[in-house]
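Heads up, the thing below is written out as structure tokens.
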2 protein chains.
Amino acid sequence: MNIGEASRASGLPAKTIRYYEDIGLVSPARGANGYRDFSEQDAHKLAFLGRSRSLGFTIEDCRTLMSLYEDRDRASADVKALASEHLDRIAQKIDELQALKSTLETLVTRCHGDDRPGCPILDDLAGRKAVTA
Amino acid sequence: MNIGEASRASGLPAKTIRYYEDIGLVSPARGANGYRDFSEQDAHKLAFLGRSRSLGFTIEDCRTLMSLYEDRDRASADVKALASEHLDRIAQKIDELQALKSTLETLVTRCHGDDRPGCPILDDLAGRKAVTA
DNA sequence: TATTGACCTTCCAGCAGCTGGAAGCTGCAT
DNA sequence: ATGCAGCTTCCAGCTGCTGGAAGGTCAATA
């Protein structure tokens, strides 16, 4: 199938698919006209990549996951480890964002938000530390 | 003060400070030797930037915040609006990450993580949709 | 058969926000 | 005089695409 169809099948933009070929994540065949010719397996790989990316795995993670997936004797422990690390990173990111959120909430609440000068948000940014995260 | 001192004072890497000058966020004076010469106010600006960035504001947001900060007649409503939008983005990001987290948690829990082949995580990534976010 | 229009190709540039490194000055202590 | 830290500029690269230009191809239609 052509790249357009592979795109529809996998849900990835054609541009992204070309990029994935560039960096060696897929290697579709080529027709006599130079067009890429994707097999069902290629399309499947692309969908796999799309799903992995949508779960927030990095491209390098995806590379590893793909090779684990293609290794029939793979140890699921490796996959679990990778996913767990990823989970930890996500949990940490959530924590950070939540701290950020509460700081900002405090600031926004304290800011009267009218035309009077003097703004607690700016004061905080300027280091007056009326509020701390 | 030299860039090194400004770096220590503001907590920003020297490289970052040079970059901020490049994009017009600060404009330190220059000594006869070509070295940057930061005033107290410059250092203060840098700290302001650092704090804004650490709260997740984009560079463009920072530019706006700086100009609002420097505008003595600023309306705090503008600042509040900017911060509120930012807050919304953060809240949304948290929601996304939490959805991701629970999907991954389910997957990781189901994966036995030993040497046996067959891994629910990979199966999910491959589209077998045993688990849905 | 000529022409349209959708599709495909490659290559180059740019997004954010830095960060690293090379090559070369300056300033200060020894 | 020498050495080393610190400063300068400039160029390249990171992640993961995305947009656009310039051009080849294919199928259908007039």
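Simple scheme: letters A, B, ... for chains in structure tokens order, numbers from 1 for residues in each chain, numbers from 1 for ligands in the order shown.
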
Considering only C-alpha atoms, give me a table of residues in chain A that are at most 7 Å from chain B, with the closest atom pair and distance in Å for each, as CSV.
```
residue,atom,partner,partner_atom,distance
A:Phe48,CA,B:Ala126,CA,4.9
A:Arg51,CA,B:Leu125,CA,5.7
A:Ser52,CA,B:Leu125,CA,6.0
A:Leu55,CA,B:Leu100,CA,6.2
A:Tyr69,CA,B:Leu122,CA,6.3
A:Asp73,CA,B:Pro117,CA,6.0
A:Arg74,CA,B:Pro117,CA,5.9
A:Ala75,CA,B:Asp115,CA,4.5
A:Ser76,CA,B:Gly113,CA,4.9
A:Ala77,CA,B:Gly113,CA,3.9
A:Lys80,CA,B:Gly113,CA,5.7
A:Ala83,CA,B:Val108,CA,6.7
A:Ser84,CA,B:Val108,CA,6.7
A:Leu87,CA,B:Lys101,CA,6.3
A:Ile90,CA,B:Lys101,CA,6.6
A:Ile94,CA,B:Ile94,CA,5.9
A:Leu97,CA,B:Ile90,CA,6.6
A:Leu100,CA,B:Leu55,CA,6.1
A:Lys101,CA,B:Leu87,CA,6.3
A:Leu104,CA,B:Leu87,CA,6.6
A:Val108,CA,B:Lys80,CA,6.0
A:Cys111,CA,B:Lys80,CA,6.5
A:Gly113,CA,B:Ala77,CA,3.8
A:Asp114,CA,B:Ala77,CA,4.9
A:Asp115,CA,B:Ala75,CA,4.5
A:Arg116,CA,B:Ala75,CA,6.2
A:Pro117,CA,B:Ala75,CA,5.9
A:Gly118,CA,B:Ser76,CA,6.9
A:Cys119,CA,B:Ser76,CA,5.4
A:Leu122,CA,B:Tyr69,CA,6.3
A:Leu125,CA,B:Phe48,CA,5.3
A:Ala126,CA,B:Phe48,CA,4.9
A:Gly127,CA,B:Phe48,CA,6.8
```

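With the cut-off set to 10 Å and only C-alpha atoms (C1' of nucleotides) counted, chain C residues close to chain A are DC7, DC8 and DT9 of chain C.
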
Practice item. Give me every strand (DSSP E) residue in region 4-97 of chain B, going by DSSP on the backbone, as an NGL selection string. Key: :B and (29-30 or 36-37)

Can those selected residues be exported to a file as a PDB file, in the first residue's frame so that it contains C-alpha atoms?
```
ATOM      1  CA  ALA B  29      25.902  46.855  29.033  1.00  0.00           C
ATOM      2  CA  ARG B  30      29.325  46.012  27.705  1.00  0.00           C
ATOM      3  CA  ARG B  36      28.902  41.833  29.439  1.00  0.00           C
ATOM      4  CA  ASP B  37      28.324  44.070  32.411  1.00  0.00           C
TER       5      ASP B  37
END
```

Practice item. Can you check which residues of chain D have any atom within 9 Å of chain B? Use only C-alpha atoms (C1' of nucleotides) and format it as a ChimeraX atom specification. Key: /D:6-8

Excluding DC4 (chain D) and its own-chain neighbours fewer than 4 positions away, which residues fall within 12 Å of it when counting only C-alpha atoms (C1' of nucleotides)? Please give them as a JSON list (two decimals) with C-alpha atoms (C1' of nucleotides), in the first residue's frame.
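For reference, around03.json as written:
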```
[["chain", "number", "residue", "atom", "x", "y", "z"],
["C", 26, "DT", "C1'", 41.23, 38.71, 28.75],
["C", 27, "DG", "C1'", 42.51, 39.02, 33.55],
["C", 28, "DC", "C1'", 44.86, 37.66, 37.42],
["C", 29, "DA", "C1'", 48.14, 35.01, 40.15],
["C", 30, "DT", "C1'", 52.49, 33.01, 40.34]]
```

Point to revise | Nearby residues (only C-alpha atoms (C1' of nucleotides)) at most 9 Å from DC18 (chain C), same-chain spacing under 4 positions excluded, as a ChimeraX atom specification | key: /B:15-16,19

Practice item. Enumerate as number ranges by chain all residues of chain A assigned to helix (DSSP H, G or I) by DSSP on the backbone, naming them with the chain letters and numbers the document uses. Key: A: 3-10, 14-22, 40-54, 59-70, 76-110, 120-128

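Taking CA of Arg63 (chain B) as the reference point, CA of Gln92 (chain A) is found at 28.4 Å.
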